[in-house]
>>> print(open('target.txt').read())   # compact mmCIF, C-alpha atoms
# COMPACT_ATOMS: atom_id res chain seq x y z
CA MET A 1 2.66 -23.66 15.78
CA VAL A 2 3.20 -20.68 13.49
CA ARG A 3 6.29 -18.75 14.59
CA HIS A 4 6.63 -16.42 11.65
CA LEU A 5 4.32 -14.97 8.98
CA ASP A 6 6.65 -16.16 6.24
CA GLN A 7 6.40 -19.80 7.25
CA LEU A 8 4.72 -22.16 4.82
CA ALA A 9 0.93 -22.28 5.08
CA TYR A 10 0.15 -24.81 2.35
CA LEU A 11 1.28 -26.34 -0.94
CA ILE A 12 -1.11 -26.41 -3.89
CA TYR A 13 -0.39 -27.85 -7.30
CA THR A 14 -0.88 -25.94 -10.52
CA SER A 15 -0.03 -26.96 -14.06
CA GLY A 16 0.26 -23.45 -15.46
CA SER A 17 0.91 -23.19 -19.18
CA THR A 18 3.50 -25.98 -19.26
CA GLY A 19 1.20 -28.83 -18.31
CA THR A 20 3.72 -30.08 -15.71
CA PRO A 21 2.27 -29.89 -12.19
CA LYS A 22 4.27 -27.83 -9.72
CA ALA A 23 3.64 -27.18 -6.04
CA VAL A 24 3.22 -23.51 -5.13
CA ALA A 25 4.44 -22.73 -1.59
CA VAL A 26 2.08 -20.15 -0.06
CA THR A 27 2.90 -18.35 3.21
CA HIS A 28 0.83 -17.20 6.17
CA ARG A 29 1.69 -13.61 5.25
CA GLY A 30 -0.01 -14.10 1.90
CA ILE A 31 -3.13 -15.55 3.52
CA ALA A 32 -3.33 -12.70 6.04
CA SER A 33 -3.16 -10.15 3.24
CA PHE A 34 -5.78 -12.05 1.24
CA VAL A 35 -8.22 -12.22 4.14
CA ALA A 36 -7.95 -8.45 4.63
CA GLU A 37 -8.91 -7.96 0.97
CA GLN A 38 -11.91 -10.28 1.25
CA ARG A 39 -13.61 -7.99 3.78
CA ARG A 40 -14.69 -5.89 0.79
CA TYR A 41 -17.45 -8.41 0.13
CA GLY A 42 -19.40 -7.47 3.23
CA VAL A 43 -19.72 -10.93 4.78
CA ALA A 44 -21.21 -10.80 8.29
CA ALA A 45 -22.08 -13.35 10.97
CA GLY A 46 -25.54 -13.79 9.48
CA SER A 47 -24.26 -14.38 5.93
CA ARG A 48 -24.38 -17.75 4.16
CA VAL A 49 -21.36 -18.48 1.95
CA LEU A 50 -21.29 -21.14 -0.75
CA HIS A 51 -18.48 -23.74 -0.66
CA PHE A 52 -18.50 -25.14 -4.20
CA ALA A 53 -14.92 -25.28 -5.51
CA SER A 54 -12.85 -28.45 -5.64
CA PRO A 55 -10.05 -28.71 -3.02
CA SER A 56 -7.58 -28.82 -5.94
CA PHE A 57 -8.64 -25.27 -6.88
CA ASP A 58 -7.38 -22.52 -4.55
CA ALA A 59 -10.80 -20.85 -4.75
CA ALA A 60 -11.84 -23.49 -2.20
CA LEU A 61 -9.66 -21.70 0.35
CA LEU A 62 -11.24 -18.38 -0.69
CA GLU A 63 -14.66 -19.80 0.19
CA ILE A 64 -13.56 -21.25 3.53
CA LEU A 65 -11.78 -18.08 4.65
CA LEU A 66 -14.61 -15.86 3.44
CA ALA A 67 -17.01 -17.50 5.89
CA ALA A 68 -14.59 -18.26 8.73
CA ASP A 69 -13.23 -14.71 8.98
CA ALA A 70 -16.72 -13.33 9.71
CA GLY A 71 -18.11 -16.31 11.62
CA ALA A 72 -20.63 -16.85 8.83
CA THR A 73 -22.33 -20.09 7.78
CA THR A 74 -20.69 -22.25 5.10
CA VAL A 75 -23.11 -24.00 2.74
CA VAL A 76 -21.27 -27.03 1.32
CA ALA A 77 -22.40 -28.10 -2.14
CA PRO A 78 -22.58 -31.87 -2.77
CA PRO A 79 -19.65 -33.16 -4.88
CA THR A 80 -22.07 -34.41 -7.53
CA LEU A 81 -23.46 -30.91 -8.16
CA TYR A 82 -21.95 -29.08 -11.12
CA GLY A 83 -24.25 -26.19 -12.03
CA ALA A 84 -27.46 -25.33 -13.90
CA ASP A 85 -30.79 -25.98 -12.16
CA ASP A 86 -29.23 -28.13 -9.43
CA LEU A 87 -26.92 -25.32 -8.36
CA ALA A 88 -29.61 -22.67 -8.65
CA GLY A 89 -31.87 -24.81 -6.49
CA LEU A 90 -29.20 -25.18 -3.80
CA LEU A 91 -28.49 -21.43 -3.78
CA ARG A 92 -32.20 -20.69 -3.46
CA ASP A 93 -33.11 -23.37 -0.92
CA GLU A 94 -30.13 -22.60 1.34
CA ALA A 95 -30.59 -18.81 1.03
CA VAL A 96 -26.94 -18.34 0.05
CA THR A 97 -25.90 -14.68 0.25
CA HIS A 98 -22.32 -14.81 -1.11
CA ALA A 99 -20.91 -17.09 -3.84
CA PHE A 100 -17.70 -17.47 -5.82
CA LEU A 101 -18.18 -19.12 -9.23
CA THR A 102 -16.18 -19.54 -12.39
CA PRO A 103 -17.68 -17.87 -15.49
CA GLY A 104 -18.50 -21.24 -17.05
CA VAL A 105 -20.58 -22.29 -14.04
CA MET A 106 -22.17 -18.87 -13.67
CA GLU A 107 -23.38 -18.98 -17.27
CA THR A 108 -25.42 -22.09 -16.46
CA ILE A 109 -27.54 -20.19 -13.90
CA THR A 110 -27.63 -16.73 -15.54
CA PRO A 111 -31.24 -15.67 -16.19
CA ALA A 112 -32.48 -14.70 -19.62
CA PRO A 113 -32.65 -11.00 -20.48
CA SER A 114 -35.50 -9.20 -18.69
CA ALA A 115 -36.17 -12.25 -16.49
CA ALA A 116 -36.99 -11.88 -12.80
CA ASP A 117 -34.28 -12.44 -10.19
CA PRO A 118 -34.14 -16.22 -9.59
CA LEU A 119 -31.93 -15.82 -6.49
CA PRO A 120 -33.22 -12.90 -4.42
CA GLU A 121 -31.18 -13.81 -1.31
CA LEU A 122 -27.88 -13.95 -3.20
CA GLY A 123 -26.59 -10.39 -2.98
CA THR A 124 -22.88 -10.79 -3.84
CA PHE A 125 -21.20 -12.67 -6.68
CA ILE A 126 -17.44 -13.11 -7.06
CA VAL A 127 -16.36 -14.48 -10.43
CA GLY A 128 -12.86 -15.70 -11.28
CA GLY A 129 -10.72 -18.42 -12.80
CA ASP A 130 -11.44 -17.42 -16.41
CA ALA A 131 -12.61 -14.50 -18.54
CA CYS A 132 -16.19 -13.50 -17.75
CA ALA A 133 -18.44 -12.50 -20.64
CA PRO A 134 -19.75 -8.92 -20.27
CA THR A 135 -23.29 -10.12 -21.01
CA VAL A 136 -23.23 -12.53 -18.06
CA ALA A 137 -21.94 -9.90 -15.65
CA GLY A 138 -24.37 -7.31 -17.02
CA ARG A 139 -27.45 -9.41 -16.36
CA TRP A 140 -26.56 -9.99 -12.70
CA ILE A 141 -25.57 -6.36 -12.21
CA GLY A 142 -28.88 -5.35 -13.75
CA LEU A 143 -30.65 -7.39 -11.06
CA GLY A 144 -28.94 -5.34 -8.34
CA LYS A 145 -26.23 -7.84 -7.38
CA ARG A 146 -22.85 -6.70 -6.04
CA PHE A 147 -20.59 -8.21 -8.71
CA PHE A 148 -16.80 -8.62 -8.32
CA ASN A 149 -14.36 -9.83 -10.97
CA ALA A 150 -11.28 -11.47 -9.42
CA PHE A 151 -8.09 -12.29 -11.28
CA GLY A 152 -4.76 -13.75 -10.33
CA PRO A 153 -2.56 -16.83 -10.36
CA THR A 154 -2.05 -19.24 -7.48
CA GLU A 155 1.46 -17.83 -7.09
CA THR A 156 0.05 -14.54 -5.74
CA THR A 157 -2.13 -16.25 -3.07
CA ILE A 158 -5.38 -16.87 -4.96
CA MET A 159 -5.75 -13.45 -6.61
CA ALA A 160 -3.70 -10.43 -7.65
CA THR A 161 -6.36 -7.95 -8.78
CA LEU A 162 -10.01 -7.35 -7.97
CA ALA A 163 -12.61 -5.17 -9.66
CA GLY A 164 -15.88 -4.31 -8.02
CA PRO A 165 -18.53 -3.89 -7.18
CA LEU A 166 -18.88 -3.41 -10.92
CA THR A 167 -21.34 -1.17 -12.71
CA ALA A 168 -22.65 -1.84 -16.21
CA ALA A 169 -20.05 0.62 -17.54
CA ASP A 170 -17.26 -1.50 -16.03
CA THR A 171 -18.08 -4.46 -18.30
CA ALA A 172 -17.24 -2.77 -21.62
CA PRO A 173 -14.42 -3.67 -21.50
CA MET A 174 -14.56 -6.07 -18.56
CA LEU A 175 -12.31 -4.79 -15.78
CA ILE A 176 -10.14 -7.06 -13.63
CA GLY A 177 -9.46 -4.23 -11.19
CA PRO A 178 -6.47 -2.61 -9.58
CA GLY A 179 -4.19 -4.69 -7.35
CA VAL A 180 -5.52 -6.28 -4.18
CA THR A 181 -4.43 -5.17 -0.69
CA GLY A 182 -0.64 -4.75 -0.57
CA ALA A 183 -0.05 -5.80 -4.18
CA ARG A 184 2.24 -3.71 -6.38
CA ILE A 185 1.17 -4.02 -10.00
CA GLN A 186 3.44 -3.35 -12.95
CA VAL A 187 2.73 -3.58 -16.70
CA LEU A 188 6.05 -4.10 -18.51
CA ASP A 189 7.24 -4.70 -22.06
CA GLU A 190 9.84 -7.26 -23.17
CA SER A 191 12.68 -4.98 -22.06
CA LEU A 192 11.05 -4.55 -18.60
CA ALA A 193 10.13 -0.92 -19.31
CA THR A 194 6.82 0.31 -17.92
CA GLN A 195 4.09 0.38 -20.56
CA PRO A 196 2.07 3.60 -20.82
CA ALA A 197 -1.67 3.59 -20.16
CA GLY A 198 -3.60 1.94 -22.97
CA VAL A 199 -0.69 -0.21 -24.19
CA ALA A 200 -0.67 -3.94 -23.46
CA GLY A 201 2.20 -5.48 -21.55
CA GLU A 202 2.99 -8.40 -19.26
CA LEU A 203 1.61 -8.22 -15.72
CA TYR A 204 4.16 -8.38 -12.89
CA VAL A 205 2.99 -8.60 -9.26
CA ALA A 206 4.93 -7.86 -6.08
CA GLY A 207 3.88 -7.62 -2.43
CA PRO A 208 2.98 -9.77 0.58
CA GLY A 209 0.82 -12.16 -1.45
CA LEU A 210 3.76 -13.64 -3.36
CA ALA A 211 4.40 -17.31 -2.69
CA ARG A 212 7.84 -18.55 -1.71
CA GLY A 213 8.12 -20.19 -5.10
CA TYR A 214 7.74 -23.75 -6.42
CA HIS A 215 8.58 -26.47 -3.91
CA GLY A 216 11.69 -28.34 -5.00
CA ARG A 217 11.89 -26.42 -8.31
CA ALA A 218 14.64 -23.85 -7.75
CA ALA A 219 15.33 -23.16 -11.43
CA LEU A 220 11.68 -22.59 -12.26
CA THR A 221 11.28 -20.38 -9.19
CA ALA A 222 14.25 -18.25 -10.24
CA ALA A 223 12.84 -17.86 -13.76
CA THR A 224 9.42 -16.58 -12.67
CA PHE A 225 9.96 -15.01 -9.22
CA VAL A 226 12.46 -12.39 -10.35
CA ALA A 227 14.19 -9.49 -8.60
CA ASP A 228 12.08 -6.37 -8.09
CA PRO A 229 14.34 -3.31 -8.51
CA ASP A 230 11.46 -1.00 -7.63
CA GLY A 231 10.78 -2.57 -4.24
CA PRO A 232 12.70 -2.86 -0.95
CA PRO A 233 16.11 -4.58 -1.02
CA GLY A 234 15.75 -8.30 -1.65
CA SER A 235 12.14 -8.10 -2.82
CA ARG A 236 10.80 -10.09 -5.75
CA ARG A 237 8.06 -9.80 -8.34
CA TYR A 238 6.19 -12.55 -10.15
CA ARG A 239 6.01 -12.78 -13.93
CA THR A 240 2.42 -13.84 -14.51
CA GLY A 241 2.66 -14.45 -18.27
CA ASP A 242 -0.61 -12.54 -18.66
CA LEU A 243 -1.07 -9.58 -20.95
CA VAL A 244 -2.99 -6.65 -19.45
CA ARG A 245 -3.75 -3.09 -20.40
CA ALA A 246 -3.91 -0.20 -17.91
CA ILE A 247 -6.89 2.11 -18.39
CA THR A 248 -9.13 4.29 -16.22
CA ASP A 249 -12.58 3.09 -15.18
CA ASP A 250 -15.84 4.98 -15.51
CA ALA A 251 -15.07 6.87 -12.28
CA GLY A 252 -11.60 7.90 -13.45
CA ALA A 253 -9.73 5.43 -11.21
CA PRO A 254 -6.89 3.23 -12.55
CA ALA A 255 -7.89 -0.27 -13.62
CA LEU A 256 -6.71 -3.19 -15.74
CA THR A 257 -8.24 -5.23 -18.55
CA HIS A 258 -7.03 -8.73 -19.42
CA GLN A 259 -5.68 -9.22 -22.95
CA GLY A 260 -4.83 -12.93 -22.90
CA ARG A 261 -1.58 -14.82 -22.39
CA ALA A 262 1.83 -13.49 -23.33
CA ASP A 263 2.90 -16.98 -24.41
CA ARG A 264 0.22 -17.18 -27.11
CA GLN A 265 1.96 -14.88 -29.54
CA LEU A 266 1.45 -15.82 -33.19
CA LYS A 267 3.48 -14.86 -36.25
CA ILE A 268 1.70 -14.03 -39.49
CA ARG A 269 3.72 -13.08 -42.58
CA GLY A 270 6.56 -11.85 -40.39
CA HIS A 271 4.34 -9.84 -38.04
CA ARG A 272 3.98 -10.78 -34.38
CA VAL A 273 0.32 -10.92 -33.33
CA GLU A 274 -1.05 -11.28 -29.79
CA ALA A 275 -3.98 -13.66 -30.08
CA GLY A 276 -5.18 -12.73 -26.60
CA GLU A 277 -5.62 -9.08 -27.56
CA ILE A 278 -7.84 -10.02 -30.49
CA GLU A 279 -9.85 -12.39 -28.30
CA ALA A 280 -10.35 -9.65 -25.70
CA ILE A 281 -11.73 -7.30 -28.36
CA LEU A 282 -14.07 -9.98 -29.69
CA ARG A 283 -15.34 -10.82 -26.19
CA SER A 284 -16.09 -7.15 -25.56
CA ASP A 285 -18.91 -7.42 -28.12
CA PRO A 286 -22.10 -8.22 -26.12
CA ARG A 287 -23.17 -10.64 -28.86
CA ILE A 288 -20.14 -12.89 -28.22
CA GLY A 289 -19.86 -15.17 -25.21
CA GLY A 290 -16.46 -16.67 -25.94
CA ALA A 291 -13.69 -16.46 -28.53
CA ILE A 292 -10.50 -18.28 -29.50
CA VAL A 293 -8.01 -16.97 -32.08
CA THR A 294 -5.50 -19.20 -33.81
CA THR A 295 -3.83 -19.67 -37.20
CA ALA A 296 -4.80 -21.79 -40.17
CA THR A 297 -3.03 -22.51 -43.42
CA GLY A 298 -4.90 -21.43 -46.54
CA PRO A 299 -5.00 -23.17 -49.94
CA ASP A 300 -1.98 -21.15 -51.07
CA GLY A 301 0.06 -22.35 -48.10
CA THR A 302 0.15 -19.01 -46.27
CA ALA A 303 -0.95 -18.62 -42.66
CA ALA A 304 -4.01 -16.63 -41.75
CA LEU A 305 -5.72 -15.63 -38.51
CA VAL A 306 -8.92 -17.49 -37.69
CA ALA A 307 -11.35 -16.63 -34.88
CA TYR A 308 -13.85 -19.11 -33.46
CA VAL A 309 -16.65 -17.47 -31.51
CA VAL A 310 -19.55 -18.66 -29.36
CA PRO A 311 -22.69 -16.49 -29.50
CA ALA A 312 -23.81 -15.04 -26.20
>>> encode(input="target.txt", output="structure tokens")
Amino acid sequence: MVRHLDQLAYLIYTSGSTGTPKAVAVTHRGIASFVAEQRRYGVAAGSRVLHFASPSFDAALLEILLAADAGATTVVAPPTLYGADDLAGLLRDEAVTHAFLTPGVMETITPAPSAADPLPELGTFIVGGDACAPTVAGRWIGLGKRFFNAFGPTETTIMATLAGPLTAADTAPMLIGPGVTGARIQVLDESLATQPAGVAGELYVAGPGLARGYHGRAALTAATFVADPDGPPGSRRYRTGDLVRAITDDAGAPALTHQGRADRQLKIRGHRVEAGEIEAILRSDPRIGGAIVTTATGPDGTAALVAYVVPA
């Protein structure tokens, strides 16, 4: 029996950037706040929601709650189904109306430019888990879909920010939204000073969605769930390790764009370079579907920046 909103709801493992699995302790308060945010998607009793994510991915809980909160139907994808024509066939045959997909999976079912809508019943897409290419989002938006771009670590109860429904103008650059319901978003530099609009900084998140911390990992919890001097006494904020930039969207409202990871800083000839920022600029080109920036040593022994790109 739940006696308090701050009791533990579940543990879910995440490797993060260290590669060492750690159990994130999520509370009922975080789930309640998350469910309130999900009502933006317009799920009703007659809706049909896809359940596609692995149980090891917290998006699986997103899918379950999305249907359960509205009394909608859950369409469970077979575990042997991964994408492409098989997934498109399931979405079409089961008349799915709402689906959460990662960008990599979504790309396998995205129609060619100027193609007819292959999934007329599917009215709402939520994408998350990785950076979504503007070209992919633009094609679905062009077909009249309600398209949402979700972002956030497991430590903030599935997501921290949400953009949408997006317009074509919101994909150049691709927005990840303002904060979700109850979230307090801060963009800070290395000295914890607030970054002005247009300048990249590390994303910090506070609010009811914050997990308790990492189960049995007190030192790691203390290093990432830090004191929040701008909140109520005793409140905390989570250091996401993600670089973001605060801008205004096409309607003049505040929004964020993702600039990569703060822990992927490179040093070239004494200059610190954020590889994620360069990747974000490259991915904003509609001709590019993916990009990775790293360093390579030239014939003269000096380091140089190298970008690997995948055409859209």
>>> residues_around(input="target.txt", residues="A:Ile288", least_positions_apart="3", cutoff="7 Å", atoms="only C-alpha atoms", output="VMD selection string")
chain A and resid 282 to 283 285 309 to 312
>>> residues_around(input="target.txt", residues="A:Glu94", least_positions_apart="3", cutoff="8 Å", atoms="only C-alpha atoms", output="list of chain:residue names")
A:Val75, A:Leu90, A:Leu91
>>> residues_around(input="target.txt", residues="A:Gly177", least_positions_apart="6", cutoff="10 Å", atoms="all atoms listed in the file", output="VMD selection string")
chain A and resid 148 to 151 160 to 166 170 246 to 249 253 to 258
>>> write_last_selection(input="target.txt", atoms="C-alpha atoms", output="PDB file, in the coordinates of the input")
ATOM      1  CA  PHE A 148     -16.800  -8.620  -8.320  1.00  0.00           C
ATOM      2  CA  ASN A 149     -14.360  -9.830 -10.970  1.00  0.00           C
ATOM      3  CA  ALA A 150     -11.280 -11.470  -9.420  1.00  0.00           C
ATOM      4  CA  PHE A 151      -8.090 -12.290 -11.280  1.00  0.00           C
ATOM      5  CA  ALA A 160      -3.700 -10.430  -7.650  1.00  0.00           C
ATOM      6  CA  THR A 161      -6.360  -7.950  -8.780  1.00  0.00           C
ATOM      7  CA  LEU A 162     -10.010  -7.350  -7.970  1.00  0.00           C
ATOM      8  CA  ALA A 163     -12.610  -5.170  -9.660  1.00  0.00           C
ATOM      9  CA  GLY A 164     -15.880  -4.310  -8.020  1.00  0.00           C
ATOM     10  CA  PRO A 165     -18.530  -3.890  -7.180  1.00  0.00           C
ATOM     11  CA  LEU A 166     -18.880  -3.410 -10.920  1.00  0.00           C
ATOM     12  CA  ASP A 170     -17.260  -1.500 -16.030  1.00  0.00           C
ATOM     13  CA  ALA A 246      -3.910  -0.200 -17.910  1.00  0.00           C
ATOM     14  CA  ILE A 247      -6.890   2.110 -18.390  1.00  0.00           C
ATOM     15  CA  THR A 248      -9.130   4.290 -16.220  1.00  0.00           C
ATOM     16  CA  ASP A 249     -12.580   3.090 -15.180  1.00  0.00           C
ATOM     17  CA  ALA A 253      -9.730   5.430 -11.210  1.00  0.00           C
ATOM     18  CA  PRO A 254      -6.890   3.230 -12.550  1.00  0.00           C
ATOM     19  CA  ALA A 255      -7.890  -0.270 -13.620  1.00  0.00           C
ATOM     20  CA  LEU A 256      -6.710  -3.190 -15.740  1.00  0.00           C
ATOM     21  CA  THR A 257      -8.240  -5.230 -18.550  1.00  0.00           C
ATOM     22  CA  HIS A 258      -7.030  -8.730 -19.420  1.00  0.00           C
TER      23      HIS A 258
END
>>> closest_residue(input="target.txt", among="A:Leu243, A:Leu143, A:Val205, A:Ala304", to="A:Val226", atoms="all atoms listed in the file")
A:Val205
>>> atom_distance(input="target.txt", atom1="atom CA of A:Pro79", atom2="atom CA of A:Ala36")
28.9 Å
>>> closest_residue(input="target.txt", among="A:Val293, A:Leu220, A:Val244, A:Val35", to="A:Ala70", atoms="all atoms listed in the file")
A:Val35
>>> closest_residue(input="target.txt", among="A:Leu61, A:Gly290, A:Thr171, A:Thr295", to="A:Pro103", atoms="only C-alpha atoms")
A:Gly290
>>> closest_residue(input="target.txt", among="A:Gly216, A:Pro153, A:Gly89, A:Pro208", to="A:Arg239", atoms="all atoms listed in the file")
A:Pro153
>>> residues_around(input="target.txt", residues="A:Gly129", least_positions_apart="2", cutoff="12 Å", atoms="all atoms listed in the file", output="NGL selection string")
:A and (53 or 57-60 or 100-106 or 126-127 or 131-132 or 149-154 or 158-160 or 176)
>>> atom_distance(input="target.txt", atom1="atom CA of A:Tyr214", atom2="atom CA of A:Tyr13")
9.1 Å
>>> closest_residue(input="target.txt", among="A:Gln7, A:Glu279, A:Ser284, A:Arg184", to="A:Tyr238", atoms="all atoms listed in the file")
A:Arg184
>>> atom_distance(input="target.txt", atom1="atom CA of A:Thr135", atom2="atom CA of A:Gly123")
18.3 Å
>>> closest_residue(input="target.txt", among="A:Ala296, A:Glu107, A:Val306, A:Gly252", to="A:Ile278", atoms="only C-alpha atoms")
A:Val306
>>> residues_around(input="target.txt", residues="stretch 229-233 of chain A", least_positions_apart="4", cutoff="10 Å", atoms="only C-alpha atoms", output="ChimeraX atom specification")
/A:184,186,206-207,237
